[in-house]
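Source file: run_20.cif. Holds: mmCIF, C-alpha atoms.
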```cif
data_structure
#
loop_
_atom_site.group_PDB
_atom_site.id
_atom_site.type_symbol
_atom_site.label_atom_id
_atom_site.label_comp_id
_atom_site.auth_asym_id
_atom_site.auth_seq_id
_atom_site.Cartn_x
_atom_site.Cartn_y
_atom_site.Cartn_z
ATOM 1 C CA MET A 1 -43.507 33.744 2.665
ATOM 2 C CA VAL A 2 -41.041 31.832 0.529
ATOM 3 C CA ALA A 3 -40.325 28.281 1.572
ATOM 4 C CA ARG A 4 -36.642 27.537 1.849
ATOM 5 C CA ARG A 5 -35.316 24.235 0.737
ATOM 6 C CA LEU A 6 -32.927 22.696 3.208
ATOM 7 C CA ARG A 7 -29.449 22.381 1.790
ATOM 8 C CA SER A 8 -27.666 19.205 2.517
ATOM 9 C CA SER A 9 -23.947 19.369 2.344
ATOM 10 C CA PHE A 10 -21.152 16.867 2.367
ATOM 11 C CA SER A 11 -18.825 16.613 5.331
ATOM 12 C CA ALA A 12 -15.437 18.249 5.104
ATOM 13 C CA SER A 13 -13.747 14.883 5.650
ATOM 14 C CA THR A 14 -15.593 13.298 2.702
ATOM 15 C CA LEU A 15 -14.643 16.172 0.402
ATOM 16 C CA THR A 16 -11.031 16.103 1.608
ATOM 17 C CA ARG A 17 -10.743 12.353 0.977
ATOM 18 C CA LEU A 18 -12.154 12.730 -2.528
ATOM 19 C CA ARG A 19 -9.884 15.656 -3.318
ATOM 20 C CA GLN A 20 -6.830 13.726 -2.103
ATOM 21 C CA MET A 21 -7.738 10.402 -3.735
ATOM 22 C CA PRO A 22 -5.135 9.316 -6.288
ATOM 23 C CA ALA A 23 -6.480 9.985 -9.761
ATOM 24 C CA CYS A 24 -5.703 6.412 -10.841
ATOM 25 C CA ASP A 25 -8.034 5.121 -8.092
ATOM 26 C CA ALA A 26 -10.727 7.562 -9.189
ATOM 27 C CA LEU A 27 -10.366 6.379 -12.794
ATOM 28 C CA ALA A 28 -10.997 2.814 -11.629
ATOM 29 C CA LEU A 29 -14.271 3.977 -10.101
ATOM 30 C CA LEU A 30 -15.385 6.089 -13.057
ATOM 31 C CA ALA A 31 -14.325 4.286 -16.236
ATOM 32 C CA THR A 32 -16.220 1.519 -18.000
ATOM 33 C CA HIS A 33 -12.910 0.350 -19.490
ATOM 34 C CA LEU A 34 -9.470 1.227 -18.136
ATOM 35 C CA LYS A 35 -5.988 0.230 -19.276
ATOM 36 C CA VAL A 36 -2.599 1.538 -18.207
ATOM 37 C CA ASP A 37 -0.169 2.317 -21.044
ATOM 38 C CA PRO A 38 2.928 0.153 -20.410
ATOM 39 C CA THR A 39 4.940 2.058 -23.048
ATOM 40 C CA TYR A 40 4.586 5.427 -21.284
ATOM 41 C CA ARG A 41 7.841 6.835 -19.891
ATOM 42 C CA PRO A 42 7.317 9.758 -17.488
ATOM 43 C CA ILE A 43 9.455 12.835 -17.993
ATOM 44 C CA LYS A 44 8.880 14.949 -14.865
ATOM 45 C CA ASP A 45 7.695 12.509 -12.191
ATOM 46 C CA ASP A 46 8.455 8.782 -12.051
ATOM 47 C CA GLN A 47 5.058 8.160 -10.421
ATOM 48 C CA SER A 48 3.118 9.421 -13.455
ATOM 49 C CA GLN A 49 1.115 6.935 -15.511
ATOM 50 C CA ARG A 50 -0.802 7.222 -18.766
ATOM 51 C CA TRP A 51 -4.218 5.581 -18.972
ATOM 52 C CA HIS A 52 -6.543 4.802 -21.858
ATOM 53 C CA LEU A 53 -10.148 4.721 -20.744
ATOM 54 C CA SER A 54 -13.754 4.853 -21.813
ATOM 55 C CA THR A 55 -16.809 6.345 -20.160
ATOM 56 C CA GLY A 56 -20.312 6.941 -21.426
ATOM 57 C CA ARG A 57 -18.982 10.214 -22.897
ATOM 58 C CA GLY A 58 -16.229 8.662 -25.012
ATOM 59 C CA ASP A 59 -12.578 7.658 -24.970
ATOM 60 C CA PHE A 60 -9.862 9.503 -23.095
ATOM 61 C CA GLU A 61 -6.095 9.452 -22.648
ATOM 62 C CA ILE A 62 -5.312 10.652 -19.118
ATOM 63 C CA VAL A 63 -1.948 11.095 -17.408
ATOM 64 C CA THR A 64 -2.103 10.816 -13.610
ATOM 65 C CA THR A 65 0.310 11.798 -10.848
ATOM 66 C CA GLY A 66 -1.131 11.439 -7.360
ATOM 67 C CA PRO A 67 -4.444 13.332 -7.310
ATOM 68 C CA LYS A 68 -3.516 15.381 -10.399
ATOM 69 C CA TRP A 69 -4.667 14.411 -13.881
ATOM 70 C CA TYR A 70 -4.300 15.692 -17.440
ATOM 71 C CA ASP A 71 -6.222 14.786 -20.599
ATOM 72 C CA THR A 72 -3.516 14.761 -23.263
ATOM 73 C CA ARG A 73 -5.976 14.949 -26.154
ATOM 74 C CA ALA A 74 -8.088 17.833 -24.870
ATOM 75 C CA ARG A 75 -5.146 19.534 -23.140
ATOM 76 C CA HIS A 76 -7.204 19.905 -19.982
ATOM 77 C CA GLY A 77 -6.276 18.925 -16.460
ATOM 78 C CA GLY A 78 -7.183 19.259 -12.843
ATOM 79 C CA GLY A 79 -6.845 17.725 -9.435
ATOM 80 C CA GLY A 80 -8.925 15.454 -7.272
ATOM 81 C CA ALA A 81 -11.505 12.789 -7.906
ATOM 82 C CA ILE A 82 -14.428 15.225 -7.865
ATOM 83 C CA ASP A 83 -12.941 17.374 -10.614
ATOM 84 C CA LEU A 84 -12.113 14.250 -12.623
ATOM 85 C CA ALA A 85 -15.663 12.872 -12.310
ATOM 86 C CA ILE A 86 -17.149 16.214 -13.364
ATOM 87 C CA TYR A 87 -14.861 16.270 -16.391
ATOM 88 C CA LEU A 88 -15.178 12.643 -17.514
ATOM 89 C CA LEU A 89 -18.895 12.206 -16.888
ATOM 90 C CA ASP A 90 -20.143 15.766 -17.451
ATOM 91 C CA VAL A 91 -22.042 15.804 -14.157
ATOM 92 C CA PRO A 92 -22.560 18.583 -11.591
ATOM 93 C CA PHE A 93 -20.522 18.738 -8.371
ATOM 94 C CA VAL A 94 -23.210 17.174 -6.154
ATOM 95 C CA ASP A 95 -23.727 14.239 -8.529
ATOM 96 C CA ALA A 96 -19.965 13.679 -8.790
ATOM 97 C CA VAL A 97 -19.590 13.517 -4.988
ATOM 98 C CA LYS A 98 -22.584 11.195 -4.600
ATOM 99 C CA LEU A 99 -21.348 8.888 -7.363
ATOM 100 C CA LEU A 100 -17.806 8.666 -6.012
ATOM 101 C CA THR A 101 -19.000 8.144 -2.454
ATOM 102 C CA ARG A 102 -21.417 5.408 -3.523
ATOM 103 C CA LYS A 103 -18.885 3.588 -5.725
ATOM 104 C CA ALA A 104 -16.074 3.786 -3.168
ATOM 105 C CA ALA A 105 -18.146 2.848 -0.105
ATOM 106 C CA PRO A 106 -18.179 -0.963 -0.536
ATOM 107 C CA HIS A 107 -14.389 -1.110 -0.371
ATOM 108 C CA GLY A 108 -13.834 0.316 3.114
ATOM 109 C CA SER A 109 -11.248 2.802 4.286
ATOM 110 C CA ASP A 110 -8.268 0.436 4.111
ATOM 111 C CA HIS A 111 -8.790 -0.245 0.406
ATOM 112 C CA PRO A 112 -7.100 2.149 -2.046
ATOM 113 C CA GLN A 113 -10.466 2.951 -3.604
ATOM 114 C CA GLY A 114 -12.368 3.029 -0.349
ATOM 115 C CA LEU A 115 -13.848 5.858 1.601
ATOM 116 C CA ALA A 116 -14.799 5.316 5.178
ATOM 117 C CA ALA A 117 -18.214 6.493 6.185
ATOM 118 C CA ASP A 118 -18.226 9.724 8.130
ATOM 119 C CA PRO A 119 -18.653 9.225 11.872
#
```

Give the structure from this file in structure tokens form.
Amino acid sequence: MVARRLRSSFSASTLTRLRQMPACDALALLATHLKVDPTYRPIKDDQSQRWHLSTGRGDFEIVTTGPKWYDTRARHGGGGAIDLAIYLLDVPFVDAVKLLTRKAAPHGSDHPQGLAADP
């Protein structure tokens, strides 16, 4: 008989909140150094911002619009905080969710970087 390991999963509400989190808020949770580029002038969407940031993996130049993000140097983009954490930190999905949940938790649900605990 093969022993099965119990799979723990994240709640749908946690995953939805992370996927909908503005990328600029996710960058604040993930970067060791973060600076908005005041000279950047968006072309398509006035809400877009360009960020210069560092993580343990190196330096990045990321353009954000809502939950969407794009690395201008690597020409790679995606959407949602989970995808961004996986990309910037080179971690698996589960580690990205745990990291984001842990870093966002102290802020509370009314804070832009906060995630409320699941009921």

Would you pick out the contacts of segment 75-86 of chain A at 6 Å or less, using all atoms listed in the file, so that residues sharing its chain but fewer than 4 positions from it are not included, and give the list as a ChimeraX atom specification? /A:18-20,26,67-71,90-91,96

Centre, x/y/z edge lengths, axis-aligned box for segment 10-17 of chain A with 6 Å per side, as JSON:
```
{"center_x": -15.9, "center_y": 15.3, "center_z": 3.0, "size_x": 22.4, "size_y": 17.9, "size_z": 17.2}
```

Proximity to Asp46 of chain A - best of A:Leu99, A:Val63, A:Gly58, A:Arg73, all atoms listed in the file: A:Val63

So which residues get picked by the PyMOL selection byres ((chain A and resi 33-41) around 6) here, written as a ChimeraX atom specification? /A:31-32,42,50-54

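Closest approach to Arg102 of chain A among A:Thr14, A:Thr72, A:Ser9, A:Ser48: A:Thr14, based on all atoms listed in the file.
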
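Nearest-residue note for Leu88 of chain A: choosing from A:Leu100, A:Ala12, A:Leu27, A:Met21, the minimum distance belongs to A:Leu27, counting all atoms listed in the file.
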